[in-house]
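J.: You'll find model-v6.txt just under this line, and it carries compact mmCIF, C-alpha atoms.
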# COMPACT_ATOMS: atom_id res chain seq x y z
CA ASP P 23 12.72 -28.08 17.84
CA LEU P 24 14.08 -31.02 19.82
CA LYS P 25 17.76 -31.84 20.25
CA GLN P 26 19.07 -34.41 22.75
CA HIS P 27 15.65 -34.63 24.46
CA GLN P 28 15.38 -30.86 25.04
CA ALA P 29 13.45 -28.13 23.30
CA VAL P 30 15.95 -25.71 21.75
CA SER P 31 15.81 -22.34 20.07
CA GLY P 32 18.00 -20.33 17.74
CA LYS P 33 17.96 -18.05 14.72
CA SER P 34 18.35 -18.40 10.97
CA GLY P 35 18.59 -22.19 11.08
CA MET P 36 22.13 -22.20 12.53
CA ARG P 37 21.56 -25.38 14.51
CA ASP P 38 25.04 -25.57 16.04
CA THR P 39 24.22 -22.38 17.99
CA TYR P 40 20.88 -23.57 19.38
CA GLN P 41 20.39 -23.33 23.15
CA PRO P 42 17.82 -24.91 25.52
CA LEU P 43 14.52 -23.10 25.15
CA ARG P 44 13.42 -20.66 27.84
CA THR P 45 9.67 -20.23 27.90
CA VAL P 46 6.94 -18.88 30.16
CA PHE P 47 5.01 -22.12 29.66
CA ALA P 48 7.38 -24.46 31.56
CA PRO P 49 10.16 -24.32 34.16
CA SER P 50 12.56 -26.23 31.92
CA ALA P 51 13.24 -27.20 28.31
CA ASN P 52 11.59 -30.61 28.81
CA PRO P 53 9.17 -31.06 25.89
CA VAL P 54 6.59 -32.88 28.04
CA GLU P 55 6.49 -30.04 30.58
CA ILE P 56 6.20 -27.49 27.76
CA ALA P 57 3.31 -29.45 26.22
CA GLN P 58 1.52 -29.53 29.58
CA GLY P 59 2.00 -25.77 29.97
CA LEU P 60 0.76 -25.08 26.47
CA LYS P 61 -2.32 -27.26 26.97
CA LEU P 62 -3.19 -25.43 30.19
CA ASN P 63 -3.02 -22.19 28.23
CA GLY P 64 -5.38 -23.31 25.50
CA ALA P 65 -3.11 -24.85 22.84
CA ASP P 66 -4.77 -27.58 20.77
CA GLU P 67 -1.75 -28.77 18.72
CA MET P 68 2.05 -28.70 18.95
CA TYR P 69 4.64 -28.60 16.18
CA ILE P 70 7.84 -30.57 16.83
CA ALA P 71 10.91 -31.01 14.63
CA ASP P 72 13.35 -33.72 15.64
CA LEU P 73 16.69 -32.13 14.73
CA ASP P 74 18.67 -35.19 15.78
CA LEU P 75 16.63 -37.39 13.47
CA ILE P 76 16.78 -34.93 10.58
CA GLU P 77 20.56 -34.70 10.93
CA SER P 78 20.98 -38.50 11.45
CA GLU P 79 22.41 -37.99 14.95
CA GLY P 80 19.92 -40.04 16.95
CA HIS P 81 16.25 -39.36 17.64
CA ASN P 82 13.70 -38.07 20.14
CA ILE P 83 10.69 -40.06 18.98
CA ASN P 84 9.84 -41.46 22.41
CA ASP P 85 9.64 -37.91 23.79
CA ILE P 86 7.42 -37.02 20.84
CA LYS P 87 5.14 -39.98 21.52
CA MET P 88 4.72 -38.81 25.13
CA VAL P 89 3.91 -35.27 24.00
CA ASN P 90 1.35 -36.70 21.56
CA THR P 91 -0.61 -38.07 24.54
CA ILE P 92 -0.92 -34.50 25.85
CA LEU P 93 -1.36 -32.50 22.63
CA PRO P 94 -1.72 -33.75 19.05
CA VAL P 95 1.74 -33.43 17.49
CA LEU P 96 2.48 -31.99 14.07
CA PHE P 97 5.79 -33.78 13.48
CA ASP P 98 8.75 -33.05 11.21
CA GLY P 99 11.28 -35.86 11.15
CA GLY P 100 12.60 -35.43 7.62
CA VAL P 101 10.34 -37.97 5.90
CA LYS P 102 12.10 -39.55 2.93
CA ASN P 103 9.52 -42.05 1.69
CA CYS P 104 6.17 -43.69 2.29
CA GLU P 105 7.59 -46.23 4.74
CA ALA P 106 9.07 -43.53 6.97
CA PHE P 107 5.76 -41.65 6.93
CA GLU P 108 3.91 -44.78 8.04
CA PHE P 109 6.41 -45.36 10.88
CA PHE P 110 6.00 -41.82 12.23
CA LEU P 111 2.21 -42.10 12.30
CA ASP P 112 2.59 -44.24 15.44
CA TYR P 113 4.25 -41.29 17.20
CA ALA P 114 2.34 -38.21 16.03
CA TYR P 115 -1.15 -37.27 14.87
CA ARG P 116 0.02 -35.42 11.75
CA VAL P 117 3.29 -35.88 9.91
CA ILE P 118 5.05 -33.31 7.74
CA VAL P 119 6.24 -34.37 4.29
CA PRO P 120 9.04 -31.93 3.36
CA THR P 121 10.06 -31.66 -0.29
CA GLU P 122 13.61 -31.02 0.93
CA THR P 123 14.09 -34.59 2.20
CA LEU P 124 11.55 -36.55 0.11
CA GLU P 125 13.20 -39.03 -2.26
CA SER P 126 10.82 -38.33 -5.15
CA ILE P 127 7.41 -36.91 -6.07
CA GLU P 128 6.26 -40.51 -6.54
CA GLU P 129 6.76 -41.10 -2.82
CA MET P 130 4.43 -38.19 -2.07
CA GLU P 131 1.83 -39.68 -4.41
CA ARG P 132 2.10 -43.00 -2.57
CA ILE P 133 1.56 -41.25 0.77
CA PHE P 134 -1.57 -39.48 -0.47
CA GLU P 135 -2.93 -42.69 -1.96
CA ARG P 136 -2.54 -44.69 1.26
CA TYR P 137 -3.25 -42.34 4.17
CA PRO P 138 -5.98 -39.88 5.25
CA LYS P 139 -5.26 -36.35 4.06
CA GLU P 140 -5.96 -34.91 7.52
CA ARG P 141 -2.81 -36.66 8.78
CA ILE P 142 -0.58 -35.26 6.01
CA VAL P 143 1.10 -31.84 5.94
CA VAL P 144 3.27 -30.93 2.95
CA SER P 145 6.17 -28.54 3.52
CA VAL P 146 7.39 -26.92 0.29
CA ASP P 147 11.08 -25.97 0.46
CA THR P 148 12.33 -23.49 -2.14
CA LYS P 149 15.69 -22.13 -3.25
CA ASP P 150 16.64 -18.81 -4.85
CA SER P 151 13.12 -17.39 -4.34
CA GLU P 152 11.56 -19.71 -6.93
CA LEU P 153 8.25 -19.78 -5.05
CA LEU P 154 8.02 -15.98 -4.88
CA ALA P 155 8.58 -15.84 -8.63
CA ALA P 156 5.78 -18.35 -9.22
CA VAL P 157 3.39 -16.43 -6.95
CA ALA P 158 4.20 -13.15 -8.71
CA GLU P 159 3.58 -14.74 -12.10
CA ALA P 160 0.26 -16.22 -10.98
CA LEU P 161 -0.87 -12.79 -9.73
CA SER P 162 0.50 -10.80 -12.66
CA GLY P 163 -1.41 -7.57 -13.17
CA LYS P 164 -2.81 -7.53 -9.64
CA ASN P 165 -1.92 -4.85 -7.09
CA VAL P 166 -0.03 -7.17 -4.73
CA LEU P 167 2.84 -6.57 -2.32
CA VAL P 168 5.26 -9.54 -2.31
CA MET P 169 7.50 -9.95 0.76
CA SER P 170 10.42 -9.71 0.66
CA ALA P 171 13.52 -8.69 -1.22
CA LYS P 172 16.60 -8.90 0.99
CA ASN P 173 20.26 -8.18 0.44
CA GLU P 174 20.94 -11.83 -0.46
CA ASN P 175 18.07 -12.28 -2.93
CA TYR P 176 17.08 -8.82 -4.19
CA LYS P 177 18.16 -9.52 -7.77
CA THR P 178 15.96 -12.60 -8.11
CA VAL P 179 12.97 -11.16 -6.25
CA GLY P 180 13.25 -7.71 -7.81
CA ALA P 181 13.46 -9.10 -11.33
CA SER P 182 10.70 -11.69 -11.02
CA VAL P 183 8.28 -9.66 -8.89
CA ALA P 184 8.63 -6.02 -9.88
CA LEU P 185 10.11 -6.16 -13.39
CA ALA P 186 8.56 -9.25 -14.95
CA ASN P 187 5.14 -9.06 -13.32
CA GLY P 188 4.68 -5.45 -12.19
CA GLN P 189 4.11 -6.26 -8.53
CA LYS P 190 5.00 -4.22 -5.49
CA VAL P 191 8.03 -5.60 -3.66
CA GLY P 192 8.94 -5.32 0.01
CA ALA P 193 12.53 -4.27 0.75
CA GLU P 194 13.42 -5.94 4.05
CA THR P 195 16.42 -4.85 6.13
CA ALA P 196 17.43 -4.50 9.74
CA ASP P 197 16.38 -1.37 11.64
CA ASP P 198 19.03 0.86 10.05
CA ILE P 199 18.63 3.87 7.74
CA ASN P 200 21.82 3.14 5.80
CA LEU P 201 20.91 -0.49 5.12
CA ALA P 202 17.42 0.54 4.03
CA LYS P 203 18.78 3.14 1.63
CA GLN P 204 21.38 0.74 0.24
CA LEU P 205 18.76 -1.89 -0.62
CA ASN P 206 16.53 0.72 -2.25
CA ILE P 207 19.46 1.85 -4.39
CA MET P 208 20.24 -1.73 -5.42
CA LEU P 209 16.62 -2.32 -6.43
CA LYS P 210 16.63 0.90 -8.43
CA GLY P 211 19.82 -0.33 -10.07
CA LEU P 212 17.76 -3.22 -11.46
CA ASN P 213 15.39 -0.63 -12.98
CA VAL P 214 12.70 -1.39 -10.40
CA ASN P 215 10.35 1.60 -10.28
CA PRO P 216 10.69 3.25 -6.83
CA GLU P 217 6.90 3.50 -6.76
CA ASN P 218 6.83 -0.30 -6.59
CA VAL P 219 9.06 -0.51 -3.50
CA VAL P 220 7.83 -0.62 0.12
CA MET P 221 10.46 -0.47 2.87
CA ASP P 222 10.23 -3.03 5.68
CA ILE P 223 12.89 -1.92 8.14
CA GLY P 224 11.72 -3.79 11.22
CA THR P 225 10.19 -2.50 14.42
CA ALA P 226 9.91 -3.32 18.13
CA ALA P 227 7.40 -3.34 20.97
CA VAL P 228 7.07 -0.47 23.42
CA GLY P 229 9.71 -0.96 26.11
CA TYR P 230 11.69 -3.37 23.95
CA GLY P 231 13.64 -1.05 21.68
CA TYR P 232 10.68 0.86 20.28
CA GLU P 233 12.37 4.20 20.83
CA TYR P 234 15.26 3.21 18.58
CA ALA P 235 12.90 1.93 15.90
CA ALA P 236 10.85 5.13 16.06
CA SER P 237 13.99 7.26 15.78
CA THR P 238 14.95 5.35 12.61
CA PHE P 239 11.50 6.05 11.15
CA ASP P 240 11.93 9.74 11.97
CA ARG P 241 15.40 9.88 10.39
CA ILE P 242 14.10 8.29 7.20
CA ARG P 243 11.12 10.64 7.07
CA LEU P 244 13.27 13.72 7.58
CA ALA P 245 15.85 12.61 5.02
CA ALA P 246 13.16 11.79 2.47
CA LEU P 247 10.94 14.84 2.89
CA ALA P 248 12.99 17.61 4.45
CA GLN P 249 16.26 16.82 2.66
CA GLY P 250 14.74 15.48 -0.56
CA ASP P 251 16.57 12.13 -0.52
CA ALA P 252 14.85 10.26 -3.36
CA ASP P 253 16.39 6.96 -2.26
CA LEU P 254 14.28 7.03 0.91
CA GLN P 255 11.00 8.37 -0.48
CA MET P 256 9.23 5.00 -0.42
CA PRO P 257 6.39 3.99 1.92
CA ILE P 258 7.39 2.22 5.14
CA LEU P 259 5.74 -0.96 6.39
CA ALA P 260 5.81 -1.31 10.17
CA ALA P 261 4.42 -4.75 11.06
CA VAL P 262 4.39 -4.46 14.84
CA CYS P 263 2.29 -7.56 15.55
CA ASN P 264 5.16 -10.06 15.44
CA ASP P 265 7.09 -8.10 18.06
CA THR P 266 4.25 -7.04 20.32
CA TRP P 267 2.57 -10.43 20.58
CA GLY P 268 5.86 -12.13 21.48
CA VAL P 269 6.90 -10.13 24.56
CA LYS P 270 6.29 -11.18 28.16
CA GLU P 271 3.41 -8.75 28.67
CA SER P 272 1.55 -10.53 25.88
CA THR P 273 2.56 -14.14 26.55
CA ALA P 274 2.58 -14.47 30.36
CA SER P 275 -0.36 -16.61 31.50
CA GLU P 276 -3.09 -15.26 33.75
CA GLU P 277 -2.06 -17.87 36.34
CA ASP P 278 1.50 -16.53 36.43
CA GLU P 279 0.50 -12.85 36.37
CA PRO P 280 -3.07 -12.59 37.71
CA ALA P 281 -2.75 -8.85 38.35
CA TRP P 282 -2.13 -8.24 34.65
CA GLY P 283 -5.60 -9.38 33.60
CA CYS P 284 -6.73 -11.14 30.43
CA ARG P 285 -3.76 -12.23 28.30
CA GLU P 286 -5.48 -11.61 24.95
CA GLU P 287 -6.58 -8.12 25.99
CA ARG P 288 -3.01 -7.39 27.17
CA ALA P 289 -1.57 -8.43 23.81
CA ILE P 290 -4.09 -6.32 21.91
CA SER P 291 -3.31 -3.37 24.18
CA MET P 292 0.43 -3.89 23.67
CA GLU P 293 0.00 -3.81 19.91
CA GLY P 294 -2.26 -0.77 20.08
CA SER P 295 0.15 1.11 22.34
CA THR P 296 3.08 0.35 20.05
Could you write out this structure as structure tokens?
T.:
Amino acid sequence: DLKQHQAVSGKSGMRDTYQPLRTVFAPSANPVEIAQGLKLNGADEMYIADLDLIESEGHNINDIKMVNTILPVLFDGGVKNCEAFEFFLDYAYRVIVPTETLESIEEMERIFERYPKERIVVSVDTKDSELLAAVAEALSGKNVLVMSAKNENYKTVGASVALANGQKVGAETADDINLAKQLNIMLKGLNVNPENVVMDIGTAAVGYGYEYAASTFDRIRLAALAQGDADLQMPILAAVCNDTWGVKESTASEEDEPAWGCREERAISMEGST
């Protein structure tokens, strides 16, 4: 994400809280330096969203054009129509067409009629879990786990996934036994069969909060099995890969940390250890 000529980072799309990006691939948040660092470490493409352009507060397209000379850019500038798409093709190798900003489906048809498909990427934006409902309907009768029901959307996801189509549904919460139990109870309140619920309570890499995550797993297991708490007797999904492959031990380049050995082997080891 670019804002005022810097790469920025944040959480949950709250753009007013974004801060300059800190990364092992460059000494600053300069997008050109980051692209150079990524290329040296084997990257073959770079995604960039121009937040200033999307929010009509300026643009960073000249920075993007410079990055595109280093790595092919997959660019999101909030395309509204065919003319905007054509303009951005001079600055990036591939351009994202988001349904959120597109003026009409006819504009998308025009884009596909005029330009090579390898330069087009369609981003489908959904609201109120409509896409999850469509996926569940398409896979009705199959033994599929759909991720995820959360506190803000459990009614929609629970009803469309588990009730209407008989799928398994993931119950995603923070790493907290009380929050996990509360969401399970709310799903049961919709008449979702507990056998169709899988808890996803989050995890962490070894040395990065793993002990706390493991203690939460133990508390849930003891409450469910030793104390007979039926509201916690669901399977637990612990997807450690997102956490373990994102820590310094997994991302630091071999040039920066030669004593640590092969980066890919380190990341695999980190996941295995966790």
J.: Under the rule that all atoms listed in the file are counted, which of P:Ala29, P:Leu43, P:Val119, P:Val191 is the nearest residue to Lys102 (chain P)?
T.: P:Val119
J.: Can you tell me, as a PyMOL selection string, what residues are no more than 9 Å from Met130 (chain P) when counting only C-alpha atoms, ignoring any on the same chain fewer than 2 positions away?
T.: chain P and resi 103-104+119+121+124-128+132-135+144
J.: Figure out the distance between CA of Ala261 (chain P) and CA of Val168 (chain P), please, to one decimal in Å.
T.: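 Distance between the two atoms: 14.2 Å.
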J.: Using only C-alpha atoms, determine which residues lie at most 8 Å from Lys61 (chain P), disregarding the query and same-chain residues fewer than 4 positions distant; provide the list as a PyMOL selection string.
T.: chain P and resi 57+65-66+92-93
J.: Within 8 Å of region 211-221 of chain P, counting all atoms listed in the file, which residues qualify if same-chain residues fewer than 6 places away don't, as an NGL selection string?
T.: :P and (177 or 180-181 or 184-185 or 188-194 or 202 or 256-259)
J.: Can you pull out the residues contacting Tyr40 (chain P)? Cut-off 7 Å, using only C-alpha atoms, and skip same-chain residues under 6 positions away; I want them as JSON, numbers by chain.
T.: {"P": [30, 31, 32]}
J.: Those same residues - C-alpha atoms - I'd like them written as an mmCIF file, in the coordinates of the input.
T.:
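File produced: out.cif:
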data_model
loop_
_atom_site.group_PDB
_atom_site.id
_atom_site.type_symbol
_atom_site.label_atom_id
_atom_site.label_comp_id
_atom_site.auth_asym_id
_atom_site.auth_seq_id
_atom_site.Cartn_x
_atom_site.Cartn_y
_atom_site.Cartn_z
ATOM 1 C CA VAL P 30 15.950 -25.710 21.750
ATOM 2 C CA SER P 31 15.810 -22.340 20.070
ATOM 3 C CA GLY P 32 18.000 -20.330 17.740
#
J.: Around region 50-63 of chain P, with edges along x, y and z and 4 Å added on all six sides, what centre and edge lengths do you get, in Å to one decimal, as lines of an AutoDock Vina configuration file?
T.:
center_x = 5.0
center_y = -27.5
center_z = 28.9
size_x = 24.4
size_y = 18.7
size_z = 14.0
J.: Do a neighbour search on Glu277 (chain P) at 12 Å with only C-alpha atoms, toss out local chain neighbours closer than 2 positions, and write the hits as a ChimeraX atom specification.
T.: /P:46-47,59,62-63,273-275,279-285
J.: Using all atoms listed in the file for the distances, tell me which of P:Val89, P:Ala236, P:Ala196, P:Ala246 is nearest to Ile223 (chain P).
T.: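 Of all the options, P:Ala196 lies closest to Ile223 (chain P).
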